[in-house]
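**Student:** The structure follows.
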Amino acid sequence: MTTTAPGTPIAAELALEMYGRMTLIRLFEEQVNELYRSAKMPGLAHLYIGEEAVAVGVCSALRRDDWITSTHRGHGHCLAKGAEPGRMFAELLGKEAGYCRGKGGSMHIADHENGNLGANAIVGGSAGIATGAALSASRRGTDQVAVCFFGEGALGQGVVYEVMNLASLWALPVIYICENNLYNEYTHYLETTAGEILARPRAFGIEARAVDGQDVRAVYATTAELVERARAGEGPAFLVANTYRYHGHHVGDIDRSYYRSEEEEQLWREERDPLIVLGSWLEDQNHVSAGDLMRVGQEARTEIERGLAFALDAPFPDPSEVTEDVYA
Amino acid sequence: MTTTAPGTPIAAELALEMYGRMTLIRLFEEQVNELYRSAKMPGLAHLYIGEEAVAVGVCSALRRDDWITSTHRGHGHCLAKGAEPGRMFAELLGKEAGYCRGKGGSMHIADHENGNLGANAIVGGSAGIATGAALSASRRGTDQVAVCFFGEGALGQGVVYEVMNLASLWALPVIYICENNLYNEYTHYLETTAGEILARPRAFGIEARAVDGQDVRAVYATTAELVERARAGEGPAFLVANTYRYHGHHVGDIDRSYYRSEEEEQLWREERDPLIVLGSWLEDQNHVSAGDLMRVGQEARTEIERGLAFALDAPFPDPSEVTEDVYA
Amino acid sequence: MTFAQAINEALAEELRRDATVFIVGEDVAEAGTPFKVLSGLVEEFGPQRVLDSPISEAGITGLGVGAAMTGMRPVVDIMFGDFLTLVMDQLANQAAKTHYMSGGRLKVPLTVRTTMGATRRSAAQHSQSLHAWVAHVPGLKVVLPSTPADAKGLLKTAIRDDNPVVFIEDKMDYAVKGEVPDGEYTVPLGVADVKRAGEDVTIVATSSMVRVALAAAEQLEADGISAEVVDPRTLVPLDRDTLVRSAQKTGRAIVVDEGHRGYGASAELAAVIAEDAFWSLDAPVRRLAALDVPIPFSPPLEDETVPTPDLVAQTARELVRG
Amino acid sequence: MTFAQAINEALAEELRRDATVFIVGEDVAEAGTPFKVLSGLVEEFGPQRVLDSPISEAGITGLGVGAAMTGMRPVVDIMFGDFLTLVMDQLANQAAKTHYMSGGRLKVPLTVRTTMGATRRSAAQHSQSLHAWVAHVPGLKVVLPSTPADAKGLLKTAIRDDNPVVFIEDKMDYAVKGEVPDGEYTVPLGVADVKRAGEDVTIVATSSMVRVALAAAEQLEADGISAEVVDPRTLVPLDRDTLVRSAQKTGRAIVVDEGHRGYGASAELAAVIAEDAFWSLDAPVRRLAALDVPIPFSPPLEDETVPTPDLVAQTARELVRG
Ligand SMILES: Cc1ncc(C[n+]2csc(CCOP(=O)(O)OP(=O)(O)O)c2C)c(N)n1
Ligand SMILES: Cc1ncc(C[n+]2csc(CCOP(=O)(O)OP(=O)(O)O)c2C)c(N)n1
Ligand SMILES: [Mg+2]
Ligand SMILES: [Mg+2]
């Protein structure tokens, strides 16, 4: 994945590649929901559907050796950074073949070959990790950057401000990506967030921007700029991506009427869907035909089906493994 | 202690009263230093000398039933809120007659009859307490306000941002007083504090001001305005008072040359001393004569001597008291 | 009624009888918490007394300490016990020490409700039972209810207590049903309860492990072994006498706790019995607790981590048969 | 050399031999910490490897976890052990679980240095010994050195270890002098050390309590009682065998630890002995630890809180004479 200079129009191939990744995430998550509803998946999962453009736009501006830290809603970040659906499904099912040998599950998938330092079930819990990875890059003299994904709810965690202060003081190559999907679980973020989100990083001297999280090209272009700054040693940045989750807070959150309206959900699904937004742009620009998009979609569908079959067939770890990996 | 409307010139009596309190604090702390150097005081203490105008200016704008929370450098706050030197000395010496029966010591003096909820040896540790006291006032329908004193070093503690967010969301009557004396122990605050201090509270939608912490009249007037807002239900505020500690971080911090210069110390002592600043104003305005100031100083000296004698004579608690007061 | 309903009733009754009681936590109002334990409270008491907070565990706990010091009786809701990691300063350095450091002049009538317990397939950061940490802090009281009746009576007592109390509910208990007395009642802190009388072996169990112990006792009865199941109900204060007397009577004791084994609550309970019942013991006190591993997600692995009725029964047989 | 100099040497040697080692903490550079333990390091290694941080314990510990996951070996300095309250999430939920949750694919070679110990007239928030908390977290290793030689060798091992290690120094030990071997050496984790051999009673002591135990042993020798003093040196991993064999030999054991007694490390150590040495014990294992009260400031009160040589000796006499 390469970066472009600020403002450079995004090449059609890259756009198509991003369309494919977003489709892969969408289909993966729909499948996860199915696994839950058919009681094939232990526990719960937090679906990324609706937010695909954020993970894909950001990770498309990163190199494989750049790092990301992820959240409880992390499947999209993981796939966008290059993980295989098969080993991810296997992890969600608690199988030995999973990225974490079944020990982590949905909220702890890590894929360090692709630079994913792991999802995190503590809100704001990975802010320190990402910042430390950025310190590591600068101390070891590489030009890697670290990206910290978190939801707007993490703005309630004090440690986020502690590490933004460190990153700014030491000009660390870390980019904080705030995925504002409007809700902290079942509470609207305006009830939990005083003042202006962007004013918070700026108070620590951190470059801060906002972007339409449903427009993958915008997310990509803005991230590419911030990544360039960071690689050039110009320090940390903060990007708030305005987005929306179509489904519940987790797969079991079916009745949402007490905290948000059908109309609101419908509006985002119909007017702001990241796949539709990019798809129509590609077609309008005659970059691709409807056929191309269907082909890409079909490829993604096949990859998901293959991955799912692999995971369903894979064996569980042997119970004796419970005591392995406590210490390195 | 009464408040004045914004801008109202401060009456000479009040100014003289504040001069007396500042002098009392100055003399108290000089005595504490003596107690340490003569090995009469167990442990260490953090002297407030140089910062007197902050505590006195702020507390003069409060009512007795308003609350304050204090810090490891808390003797000045405690005296400014109305505590007696005698029981304070007794506490510093670990005597039964102390405000905390000797159990708290210098870093934990509390005087709840005068609304002092206690000093705190955890940097930033009282931010939640002050914010909670403000919530208590609003829930119980009183018009009390809570003042949270902390040093600029506490800006490194995440919990401070967590509670500022709560205070802003719920319009709580709490005023955060940031005593910026330039140093976090032995490190200059510019090495530990990115961006702009005032931008931090403002990012949470909190009214924020800066004031010359060596000018007690300015501290008083600004605090009075912020207290009025808070009492009127207009929400929290943040005030950074720029000040300086003349002595070491604690009484044992004698050689300071590796972190700050003699010249810097001298400059503050000679050009910015809060007693000199207020004293000369009082004289220039012909509000008082040099004689009046000497009289006030003499009264303070007598009070300190009486208090010290009381504390030195007071008995230690009986060892059996060690197991008392663990549970209410 | 269910354990969750008992908690809800206790909170509703205390909110009704004392205007200084309020609840603050994440998604506690309309959502009634993710566990639905608080459903209906905001509707009755309003958003001024049931406050939805930002995701700021340290902040709301600190807020609770300050409100408690100044005339309120806050009930702070910490969704998962795993997040106690974020509030230890407010609990251990502030809430627990304020009364003592002030020479008895300030008090902190704060209740912190949180959860514990594994086997929900929630993985390592949502499955911990960290009661040993708070039990190690002088100045805190620690309650681990095991039945709906105890939960209601103990929570009402905790809220009325003038000290900071950490009240820990096992997530696996919420749906469990049990008899709850009609009308007003409370259960004192510091009084253990013998959940089942027996002669041959004492099983001291905490929280949901009480159910595990009772199931084991059933198995043992079939084998002609009579097990006594003792529930301390509160770790602090601890009712040493009841534990020790039971062990002295049976001569054999097992401690079952869902915290990790190493440096856990089971060590203290076992040490207490080994100290005071030493001359009556026919065998070493056995400890059964969570494996010393982070709780894994994979079901076949997670199921290895927590004591089961079979394990408890098997251990008891070994003890009794020698 | 002094205990503080031994720590300083260990850090200097590891900073020299491994470019990925760095130190971060409050006032660690020019000030060399308030205890002056790090004096001279920034002068030799520069501010890129000895970083003065803001007062952000959680932030710098989280930073250390991330740096450790990505190729560095950070040494995070937490000035007072009382501030562990602020880093428990980074330690327990992040550092301790990363290796396990990732199925062994990520590791966290992090060292967190902090302090413990009372009697410095520092009052309740600067005198705690909270090692029991971290010892209760699977995935963390916990080191409590008691001599300059152990401190140096154990710290070098901790820094080279691929796991998160919490290294806890007693503030009262810094000025204590002791022999330190010349040249390069390390001390393994998980190996207890018999500080004094004896026949009549085993005294298991941790950190500065080892000195207390040795002083007690002197007194006891005068009374014709031969005490064996065993120092586990690391709580996790714990060398059970050495503790148990000593207790089996003497038939009597006392555990001395400066943490609070309730739910503390002394409970685990006593439980281990009571379990595995049960059949050899002539008397119950005795626990001596800090009183279960916040540490008071007033000297006559504080002096009551921590075990003394007289108390240990007296307890041993009771045990031996029965
Ligand atoms: C420290 C902490 N507190 C509470 C929770 C419970 N919790 C899980 S997700 C969540 C809401 C997070 O909202 P946000 O950060 O906006 O992420 P989103 O779910 O919207 O993607 C909460 C409160 C947690 N996991 N960690
Ligand atoms: C959480 C915490 N970290 C570290 C310390 C040690 N410490 C005591 S005072 C201090 C510096 C505080 O600086 P500041 O807040 O500016 O207050 P000042 O001493 O300048 O008045 C530090 C680091 C502490 N007491 N609490
Ligand atoms: Mg959100
Ligand atoms: Mg300062």
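Here's how to read the names in the structure tokens: chain A, B, ... by the order shown, residue numbers from 1 in each chain, ligand numbers from 1 in the order shown.
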At most 7 Å is the cut-off: for each residue in chain C with any atom that close to an atom of chain A, write down the nearest atom pair and the distance in Å rounded to one decimal, counting only C-alpha atoms, chain first then increasing number, as a tab-separated table.

**Tutor:**
residue	atom	partner	partner_atom	distance
C:Asp27	CA	A:Tyr186	CA	6.3
C:Ala31	CA	A:Tyr186	CA	6.4
C:Ser53	CA	A:Thr192	CA	6.2
C:Pro54	CA	A:Thr192	CA	4.5
C:Ile55	CA	A:Gly156	CA	4.8
C:Ser56	CA	A:Gly156	CA	5.1
C:Arg120	CA	A:Gly43	CA	6.7
C:Arg121	CA	A:Gly43	CA	4.8
C:Ser122	CA	A:Gly43	CA	6.2
C:Ala123	CA	A:Gly104	CA	6.4
C:Gln125	CA	A:Ala121	CA	6.1
C:Val293	CA	A:Val326	CA	6.0
C:Pro296	CA	A:Lys103	CA	4.6
C:Phe297	CA	A:Lys103	CA	4.9
C:Ser298	CA	A:Gly94	CA	4.1
C:Pro299	CA	A:Gly94	CA	6.8
C:Pro300	CA	A:Pro319	CA	5.7
C:Leu301	CA	A:Pro319	CA	5.1
C:Glu304	CA	A:Pro319	CA	7.0

**Student:** Kindly save the residues from that selection, with N, CA and C atoms included, as a JSON list (two decimals), in the first residue's frame.

**Tutor:**
[["chain", "number", "residue", "atom", "x", "y", "z"],
["C", 27, "ASP", "N", -24.17, 3.80, 31.03],
["C", 27, "ASP", "CA", -25.38, 3.15, 30.55],
["C", 27, "ASP", "C", -26.25, 2.60, 31.68],
["C", 31, "ALA", "N", -30.66, 2.41, 29.50],
["C", 31, "ALA", "CA", -30.21, 1.04, 29.19],
["C", 31, "ALA", "C", -30.33, 0.13, 30.40],
["C", 53, "SER", "N", -23.03, 8.16, 32.74],
["C", 53, "SER", "CA", -21.74, 8.86, 32.75],
["C", 53, "SER", "C", -20.95, 8.56, 31.49],
["C", 54, "PRO", "N", -19.93, 9.39, 31.23],
["C", 54, "PRO", "CA", -18.96, 9.04, 30.20],
["C", 54, "PRO", "C", -18.20, 7.77, 30.64],
["C", 55, "ILE", "N", -17.38, 7.26, 29.76],
["C", 55, "ILE", "CA", -16.61, 6.05, 30.07],
["C", 55, "ILE", "C", -15.37, 6.47, 30.84],
["C", 56, "SER", "N", -15.59, 6.81, 32.11],
["C", 56, "SER", "CA", -14.56, 7.40, 32.95],
["C", 56, "SER", "C", -14.63, 6.76, 34.34],
["C", 120, "ARG", "N", -18.29, -16.87, 30.56],
["C", 120, "ARG", "CA", -19.28, -16.23, 29.68],
["C", 120, "ARG", "C", -18.71, -16.05, 28.28],
["C", 121, "ARG", "N", -17.54, -16.64, 28.01],
["C", 121, "ARG", "CA", -16.90, -16.50, 26.68],
["C", 121, "ARG", "C", -16.61, -15.02, 26.41],
["C", 122, "SER", "N", -16.18, -14.32, 27.44],
["C", 122, "SER", "CA", -15.91, -12.90, 27.29],
["C", 122, "SER", "C", -14.42, -12.60, 27.26],
["C", 123, "ALA", "N", -13.60, -13.63, 27.37],
["C", 123, "ALA", "CA", -12.14, -13.51, 27.26],
["C", 123, "ALA", "C", -11.49, -12.76, 28.43],
["C", 125, "GLN", "N", -10.16, -9.91, 29.38],
["C", 125, "GLN", "CA", -10.37, -8.59, 29.98],
["C", 125, "GLN", "C", -11.81, -8.35, 30.43],
["C", 293, "VAL", "N", -3.96, -18.40, 34.99],
["C", 293, "VAL", "CA", -3.78, -18.03, 33.57],
["C", 293, "VAL", "C", -4.80, -16.94, 33.26],
["C", 296, "PRO", "N", -8.96, -17.61, 28.97],
["C", 296, "PRO", "CA", -8.95, -17.72, 27.50],
["C", 296, "PRO", "C", -10.36, -17.64, 26.94],
["C", 297, "PHE", "N", -10.45, -17.26, 25.66],
["C", 297, "PHE", "CA", -11.76, -17.18, 25.01],
["C", 297, "PHE", "C", -12.31, -18.56, 24.64],
["C", 298, "SER", "N", -11.47, -19.40, 24.07],
["C", 298, "SER", "CA", -11.93, -20.68, 23.52],
["C", 298, "SER", "C", -12.63, -21.52, 24.58],
["C", 299, "PRO", "N", -13.90, -21.89, 24.32],
["C", 299, "PRO", "CA", -14.68, -22.62, 25.33],
["C", 299, "PRO", "C", -13.98, -23.82, 25.97],
["C", 300, "PRO", "N", -13.38, -24.73, 25.17],
["C", 300, "PRO", "CA", -12.75, -25.88, 25.84],
["C", 300, "PRO", "C", -11.61, -25.48, 26.77],
["C", 301, "LEU", "N", -11.00, -24.33, 26.50],
["C", 301, "LEU", "CA", -9.94, -23.86, 27.39],
["C", 301, "LEU", "C", -10.55, -23.15, 28.60],
["C", 304, "GLU", "N", -11.67, -25.06, 31.54],
["C", 304, "GLU", "CA", -10.65, -25.64, 32.43],
["C", 304, "GLU", "C", -10.30, -24.72, 33.58]]

**Student:** Please, which residues of chain D lie no more than 8 Å from chain C when the count uses only C-alpha atoms, and can they be set out as a compact mmCIF listing (two decimals) with N, CA, C and O atoms, in the first residue's frame?

**Tutor:**
# COMPACT_ATOMS: atom_id res chain seq x y z
N ASP D 82 2.93 3.14 45.96
CA ASP D 82 1.55 3.58 46.16
C ASP D 82 0.89 3.99 44.85
O ASP D 82 -0.33 4.04 44.77
N PHE D 83 1.72 4.29 43.85
CA PHE D 83 1.17 4.75 42.57
C PHE D 83 0.89 3.58 41.63
O PHE D 83 0.43 3.77 40.50
N THR D 85 -1.47 1.90 42.04
CA THR D 85 -2.92 2.08 41.90
C THR D 85 -3.28 2.67 40.54
O THR D 85 -4.36 2.42 40.03
N LEU D 86 -2.37 3.45 39.98
CA LEU D 86 -2.65 4.17 38.73
C LEU D 86 -2.30 3.37 37.49
O LEU D 86 -2.68 3.75 36.38
N VAL D 87 -1.55 2.31 37.66
CA VAL D 87 -1.07 1.58 36.48
C VAL D 87 -1.59 0.16 36.42
O VAL D 87 -1.15 -0.64 35.58
N MET D 88 -2.53 -0.18 37.27
CA MET D 88 -3.00 -1.57 37.30
C MET D 88 -3.65 -1.98 35.99
O MET D 88 -3.56 -3.14 35.58
N ASP D 89 -4.30 -1.05 35.28
CA ASP D 89 -4.89 -1.46 34.01
C ASP D 89 -3.80 -1.79 33.00
O ASP D 89 -3.86 -2.82 32.32
N ALA D 92 -2.14 -5.15 34.53
CA ALA D 92 -2.94 -6.36 34.64
C ALA D 92 -3.72 -6.68 33.38
O ALA D 92 -3.80 -7.84 32.97
N ASN D 93 -4.30 -5.66 32.75
CA ASN D 93 -5.11 -5.93 31.56
C ASN D 93 -4.30 -5.91 30.27
O ASN D 93 -4.67 -6.59 29.30
N LYS D 97 -1.43 -9.77 29.97
CA LYS D 97 -2.28 -10.66 29.16
C LYS D 97 -1.92 -10.71 27.68
O LYS D 97 -2.40 -11.58 26.95
N TYR D 100 -0.47 -14.08 26.29
CA TYR D 100 -1.46 -15.15 26.31
C TYR D 100 -2.58 -14.90 25.30
O TYR D 100 -2.91 -15.77 24.49
N MET D 101 -3.12 -13.68 25.33
CA MET D 101 -4.25 -13.37 24.44
C MET D 101 -3.87 -13.48 22.97
O MET D 101 -4.71 -13.72 22.12
N ALA D 124 0.10 7.70 54.77
CA ALA D 124 -0.65 6.58 54.19
C ALA D 124 -0.51 6.41 52.68
O ALA D 124 -0.63 5.28 52.17
N GLN D 125 -0.24 7.49 51.95
CA GLN D 125 -0.18 7.38 50.49
C GLN D 125 1.24 7.27 49.94
O GLN D 125 1.43 7.28 48.72
N ALA D 132 1.32 -7.78 46.74
CA ALA D 132 0.31 -8.86 46.63
C ALA D 132 -0.60 -8.65 45.42
O ALA D 132 -1.03 -9.61 44.79
N TRP D 133 -0.88 -7.39 45.11
CA TRP D 133 -1.75 -7.12 43.94
C TRP D 133 -1.14 -7.67 42.65
O TRP D 133 -1.80 -8.37 41.89
N ALA D 135 1.32 -9.75 42.31
CA ALA D 135 1.60 -11.20 42.38
C ALA D 135 0.35 -12.02 42.07
O ALA D 135 0.45 -13.19 41.70
N HIS D 136 -0.81 -11.41 42.19
CA HIS D 136 -2.09 -12.10 41.95
C HIS D 136 -2.46 -12.11 40.46
O HIS D 136 -3.48 -12.69 40.08
N VAL D 137 -1.63 -11.49 39.62
CA VAL D 137 -1.96 -11.36 38.20
C VAL D 137 -1.11 -12.30 37.34
O VAL D 137 0.08 -12.07 37.15
N PRO D 138 -1.71 -13.39 36.83
CA PRO D 138 -0.96 -14.31 35.97
C PRO D 138 -0.42 -13.57 34.76
O PRO D 138 -1.13 -12.75 34.16
N GLY D 139 0.84 -13.82 34.44
CA GLY D 139 1.47 -13.12 33.32
C GLY D 139 2.50 -12.12 33.78
O GLY D 139 3.39 -11.74 33.01
N HIS D 260 0.19 -5.50 53.90
CA HIS D 260 -0.85 -5.69 54.91
C HIS D 260 -1.09 -7.19 55.08
O HIS D 260 -0.87 -7.97 54.16
N ARG D 261 -1.55 -7.55 56.29
CA ARG D 261 -1.74 -8.96 56.59
C ARG D 261 -2.92 -9.56 55.81
O ARG D 261 -2.82 -10.61 55.19
N GLY D 262 -4.04 -8.86 55.83
CA GLY D 262 -5.26 -9.40 55.23
C GLY D 262 -5.13 -9.55 53.72
O GLY D 262 -4.84 -8.61 53.01
N TYR D 263 -5.35 -10.79 53.23
CA TYR D 263 -5.31 -11.05 51.79
C TYR D 263 -3.98 -10.61 51.18
O TYR D 263 -3.93 -10.15 50.04
N GLY D 264 -2.92 -10.75 51.96
CA GLY D 264 -1.60 -10.33 51.51
C GLY D 264 -0.72 -11.48 51.06
O GLY D 264 -1.12 -12.65 51.09
N ALA D 265 0.51 -11.13 50.69
CA ALA D 265 1.47 -12.14 50.24
C ALA D 265 1.75 -13.15 51.34
O ALA D 265 2.00 -14.33 51.08
N ALA D 267 -0.24 -14.50 53.26
CA ALA D 267 -1.27 -15.55 53.26
C ALA D 267 -0.89 -16.65 52.27
O ALA D 267 -0.98 -17.84 52.58
N GLU D 268 -0.44 -16.25 51.07
CA GLU D 268 -0.05 -17.25 50.08
C GLU D 268 1.14 -18.06 50.57
O GLU D 268 1.15 -19.29 50.51
N ALA D 270 2.16 -18.59 53.60
CA ALA D 270 1.76 -19.45 54.72
C ALA D 270 0.92 -20.62 54.22
O ALA D 270 1.09 -21.77 54.67
N ALA D 271 0.03 -20.35 53.24
CA ALA D 271 -0.83 -21.42 52.72
C ALA D 271 0.01 -22.48 52.01
O ALA D 271 -0.24 -23.68 52.14
N ALA D 274 1.59 -24.54 54.70
CA ALA D 274 0.59 -25.34 55.41
C ALA D 274 0.08 -26.48 54.54
O ALA D 274 -0.29 -27.55 55.04
N GLU D 275 0.06 -26.28 53.22
CA GLU D 275 -0.39 -27.34 52.31
C GLU D 275 0.66 -28.43 52.19
O GLU D 275 0.40 -29.62 52.41
N ASP D 276 1.88 -28.02 51.84
CA ASP D 276 2.88 -29.01 51.45
C ASP D 276 3.75 -29.53 52.60
O ASP D 276 4.39 -30.56 52.46
N PHE D 278 2.39 -29.82 55.70
CA PHE D 278 1.40 -30.10 56.74
C PHE D 278 1.82 -31.20 57.71
O PHE D 278 1.83 -31.05 58.92
N ALA D 283 3.35 -26.99 64.67
CA ALA D 283 2.52 -25.86 65.12
C ALA D 283 2.01 -25.13 63.89
O ALA D 283 2.56 -25.30 62.80
N PRO D 284 0.97 -24.33 64.05
CA PRO D 284 0.46 -23.57 62.90
C PRO D 284 1.51 -22.59 62.38
O PRO D 284 2.34 -22.10 63.15
N VAL D 285 1.46 -22.34 61.08
CA VAL D 285 2.35 -21.33 60.50
C VAL D 285 1.89 -19.97 61.00
O VAL D 285 0.69 -19.69 61.01
N ARG D 286 2.82 -19.15 61.45
CA ARG D 286 2.45 -17.82 61.94
C ARG D 286 2.74 -16.77 60.87
O ARG D 286 3.74 -16.88 60.17
N ASP D 292 -3.40 -4.16 59.54
CA ASP D 292 -4.43 -3.81 58.56
C ASP D 292 -5.01 -2.44 58.87
O ASP D 292 -6.21 -2.29 59.17
N VAL D 293 -4.15 -1.45 58.78
CA VAL D 293 -4.56 -0.04 58.93
C VAL D 293 -3.79 0.77 57.88
O VAL D 293 -2.68 0.38 57.51
N PRO D 294 -4.37 1.88 57.40
CA PRO D 294 -3.55 2.76 56.56
C PRO D 294 -2.34 3.19 57.38
O PRO D 294 -2.45 3.32 58.60
N PRO D 296 -0.14 5.29 59.42
CA PRO D 296 -0.30 6.61 60.02
C PRO D 296 0.99 7.42 59.97
O PRO D 296 2.08 6.85 59.88

**Student:** Check region 84-242 of chain B with DSSP on the backbone and list each residue it calls strand (DSSP E), as a ChimeraX atom specification.

**Tutor:** /B:146-151,174-180,183-184,187-188,207-212,237-242

**Student:** One number please: CA of Pro109 (chain D) to CA of Ala68 (chain D), in Å, one decimal.

**Tutor:**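 Here the two named atoms are 5.3 Å from each other.
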
**Student:** Write out as an mmCIF file with C-alpha atoms, in the first residue's frame all residues of region 151-307 of chain D that backbone DSSP assigns to alpha helix (DSSP H).

**Tutor:**
data_model
loop_
_atom_site.group_PDB
_atom_site.id
_atom_site.type_symbol
_atom_site.label_atom_id
_atom_site.label_comp_id
_atom_site.auth_asym_id
_atom_site.auth_seq_id
_atom_site.Cartn_x
_atom_site.Cartn_y
_atom_site.Cartn_z
ATOM 1 C CA ALA D 151 19.143 -6.507 43.651
ATOM 2 C CA LYS D 152 21.794 -6.162 40.959
ATOM 3 C CA GLY D 153 21.625 -9.723 39.705
ATOM 4 C CA LEU D 154 17.846 -9.917 39.766
ATOM 5 C CA LEU D 155 17.354 -6.577 38.024
ATOM 6 C CA LYS D 156 19.651 -7.593 35.170
ATOM 7 C CA THR D 157 17.670 -10.812 34.802
ATOM 8 C CA ALA D 158 14.367 -8.923 34.938
ATOM 9 C CA ILE D 159 15.418 -6.571 32.141
ATOM 10 C CA ARG D 160 16.492 -9.527 29.959
ATOM 11 C CA MET D 209 11.842 -8.045 56.347
ATOM 12 C CA VAL D 210 14.816 -10.299 55.618
ATOM 13 C CA ARG D 211 16.961 -7.905 57.653
ATOM 14 C CA VAL D 212 14.369 -7.946 60.406
ATOM 15 C CA ALA D 213 14.363 -11.742 60.341
ATOM 16 C CA LEU D 214 18.161 -11.935 60.461
ATOM 17 C CA ALA D 215 18.240 -9.574 63.436
ATOM 18 C CA ALA D 216 15.632 -11.751 65.136
ATOM 19 C CA ALA D 217 17.721 -14.834 64.367
ATOM 20 C CA GLU D 218 20.638 -13.213 66.193
ATOM 21 C CA GLN D 219 18.489 -12.674 69.268
ATOM 22 C CA LEU D 220 17.206 -16.232 69.055
ATOM 23 C CA GLU D 221 20.694 -17.674 68.817
ATOM 24 C CA ALA D 222 21.444 -16.032 72.155
ATOM 25 C CA ARG D 240 7.842 -23.512 46.728
ATOM 26 C CA ASP D 241 10.281 -26.355 47.281
ATOM 27 C CA THR D 242 12.883 -24.382 49.182
ATOM 28 C CA LEU D 243 10.250 -22.896 51.482
ATOM 29 C CA VAL D 244 8.527 -26.206 52.062
ATOM 30 C CA ARG D 245 11.717 -28.221 52.593
ATOM 31 C CA SER D 246 12.902 -25.770 55.211
ATOM 32 C CA ALA D 247 9.577 -25.932 57.050
ATOM 33 C CA GLN D 248 9.601 -29.726 56.853
ATOM 34 C CA LYS D 249 13.051 -29.718 58.382
ATOM 35 C CA THR D 250 12.309 -27.358 61.249
ATOM 36 C CA ALA D 265 1.468 -12.142 50.241
ATOM 37 C CA SER D 266 1.983 -13.615 53.691
ATOM 38 C CA ALA D 267 -1.270 -15.553 53.259
ATOM 39 C CA GLU D 268 -0.046 -17.246 50.078
ATOM 40 C CA LEU D 269 3.354 -18.096 51.546
ATOM 41 C CA ALA D 270 1.755 -19.450 54.719
ATOM 42 C CA ALA D 271 -0.829 -21.417 52.718
ATOM 43 C CA VAL D 272 1.893 -22.977 50.558
ATOM 44 C CA ILE D 273 3.751 -24.195 53.645
ATOM 45 C CA ALA D 274 0.588 -25.340 55.415
ATOM 46 C CA GLU D 275 -0.393 -27.340 52.313
ATOM 47 C CA ASP D 276 2.884 -29.010 51.450
ATOM 48 C CA PRO D 299 5.881 8.116 64.632
ATOM 49 C CA PRO D 300 4.618 6.299 67.740
ATOM 50 C CA LEU D 301 1.708 4.979 65.676
ATOM 51 C CA GLU D 302 3.660 4.134 62.527
#

**Student:** Enter the distance from atom 17 (O, counted along the ligand's line) of ligand 2 to CA of Tyr183 (chain B), in Å, rounded to one decimal.

**Tutor:**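 CA of Tyr183 (chain B) lies 7.0 Å from atom 17 (O, counted along the ligand's line) of ligand 2.
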
**Student:** Please identify all polymer residues within 8 Å of region 195-198 of chain D, counting only C-alpha atoms, omitting same-chain residues fewer than 6 positions from it, and present them as a PyMOL selection string.

**Tutor:** chain D and resi 214+226-231+250

**Student:** Filtering to N, CA and C atoms, could you give me those residues as a tab-separated table (two decimals), in the first residue's frame?

**Tutor:**
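File produced: again-v4.tsv:
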chain	number	residue	atom	x	y	z
D	214	LEU	N	16.78	-11.60	60.09
D	214	LEU	CA	18.16	-11.94	60.46
D	214	LEU	C	18.50	-11.36	61.84
D	226	SER	N	17.85	-21.99	67.05
D	226	SER	CA	18.50	-21.87	65.75
D	226	SER	C	17.45	-21.62	64.66
D	227	ALA	N	17.45	-20.41	64.09
D	227	ALA	CA	16.44	-20.04	63.10
D	227	ALA	C	17.02	-20.08	61.69
D	228	GLU	N	16.24	-20.60	60.75
D	228	GLU	CA	16.62	-20.58	59.34
D	228	GLU	C	15.84	-19.47	58.65
D	229	VAL	N	16.54	-18.59	57.96
D	229	VAL	CA	15.89	-17.47	57.28
D	229	VAL	C	15.89	-17.72	55.78
D	230	VAL	N	14.69	-17.84	55.21
D	230	VAL	CA	14.56	-18.12	53.78
D	230	VAL	C	13.94	-16.91	53.07
D	231	ASP	N	14.60	-16.46	52.02
D	231	ASP	CA	14.15	-15.32	51.23
D	231	ASP	C	13.70	-15.82	49.86
D	250	THR	N	12.41	-27.97	59.91
D	250	THR	CA	12.31	-27.36	61.25
D	250	THR	C	10.98	-27.67	61.94
